[in-house]
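Below: the structure, in structure tokens.
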Amino acid sequence: MRDGFSSPQLRAVAAQVAARHPACVAFPSVQLQVRVRGRHPWFYRKMVRKPETPIPAGSVVHVRDKERRLVGSGFYNPRSDLALRVFTGEAITDAVAHFSHALDEALSLRERTLRLQDVTNAYRIVHSEGDGFPGLILDRLGDAFVAQVHVLGTFRQMETLGERLRLLHPRCKLVMLQDPESAQREGMERIGPPTPVAVEIKEHGIRYAVQAGGGHKTGFFADQRDNRMLVRELARGRNVLDLCCNSGGFAMNAVAGGAKSVRAADLDEEMVAQTSDNAARNGLKLKVEHADAFDLLRDLQPDLHDLVVLDPPKWVKSKDEIEQGLQRYRDLNRLALQKVKRGGLVVTCSCSGSVDENAFVRMLDEAAAQAGRGARVLMLRGAGPDHPVALDCPQTRYLKVAVLQVRE
């Protein structure tokens, strides 16, 4: 299909790369300015020595440290501030074989070890550095595989990955998304906008109509699967308020869990319509409205709800936005903590990778203090196990979810 991993643009890119770097080669070496003590896979331009012979952006290279000890193999891009991304600690000789095997391992984890297909047909196949694919997100949504590519070197491997997926899943439809900022920063060849694929997602007995490759992220928030189930377990007998509800996952699980009442709201009118449609599809009764979360909470009478869910958008996209983004998170949580019933619960989330868990918890402490409420953390959670966190790259743990109880 035109916007899949096997588009004419990508075939042309693959041919150019193959001409420069055949599959089995002695890849060029890049030396670092620093001695490597840990295993973090990212090296900025100032940490990398300029090669004596120019190396094309996006090339696979062998990486050696200041003392010429092997660090591994990675993607080199001198035009990016983050110039070197190591994807394995070995010196590979065959890029096609390496990434085909890495994809097989990623699929095996989800489909054989975790057996996610027993509870859903929507899960992450590749979680960037967590699976050894720098800057790549690959989700399976029904029969559609949707990729977001943020790194030039990985972009140039997508033809190989598309062919491998078609071999293993012949019925699959392939859709690739491209972030304009990443494309500009990395110098990627631009691809056209995707054509979303209509699919039905099934998760823990609830069905969702989804446009794979459309809407937010890849089209469905597979990362919140386990947390949606948690809300189902917590909701029995409670009055639930779901803010930034997206396609209604938390709200519908609350109804399925036996909530007394459920109210859902989102600022995106398309998400409001999608939530209403999904609730009707499942025969679940809830109130859905188009509203800004801040305005709704300001106007809300206190003590009406004893379970509030906050799952706002990614408000911090870079380190430059941390202060402003944390203020928005703080204000939203302060309002929710002010309005939730005493003894009630707040399930609050942040998908901003630049905000680590410590900063997230500090923000919640400040929000509670500003709200004048005593609160305690019952749980700290993240994404499901199909979003593995690389110990050497903590940035792969981007989703933070806290369950708070208001005590006074």
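The chains in the structure tokens are called A, B, ... from first to last as shown; in each chain the residues are counted from 1, and the ligands are counted from 1 in the order shown.
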
Could you pull out the residues in region 126-272 of chain A that DSSP calls strand (DSSP E) from the backbone, as number ranges by chain? A: 126-127, 136-141, 144-149, 173-178, 197-203, 206-212, 239-243, 261-266

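For Gly219 (chain A), the set of protein, DNA and RNA residues having any atom at most 9 Å away, when counting only C-alpha atoms and skipping those fewer than 5 positions along the same chain, is Leu141, Val146, Pro196, Val210, Gln211, Ala212, Gly213 and Gly214 of chain A.
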
Might you pull out every residue within 6 Å of region 338-353 of chain A, with only C-alpha atoms counted and same-chain residues fewer than 2 positions away left off, and present them as a ChimeraX atom specification? /A:302-303,305-311,314,316,335-336,355,371,398-408

Contact residues around region 322-326 of chain A with only C-alpha atoms at 12 Å, ignoring same-chain residues under 5 positions, as a ChimeraX atom specification: /A:312-317,331-334,350-356,359-364,366-367

Could you tell me how far CA of Ala122 (chain A) sits from CA of Gln224 (chain A), in Å to one decimal place? 11.0 Å
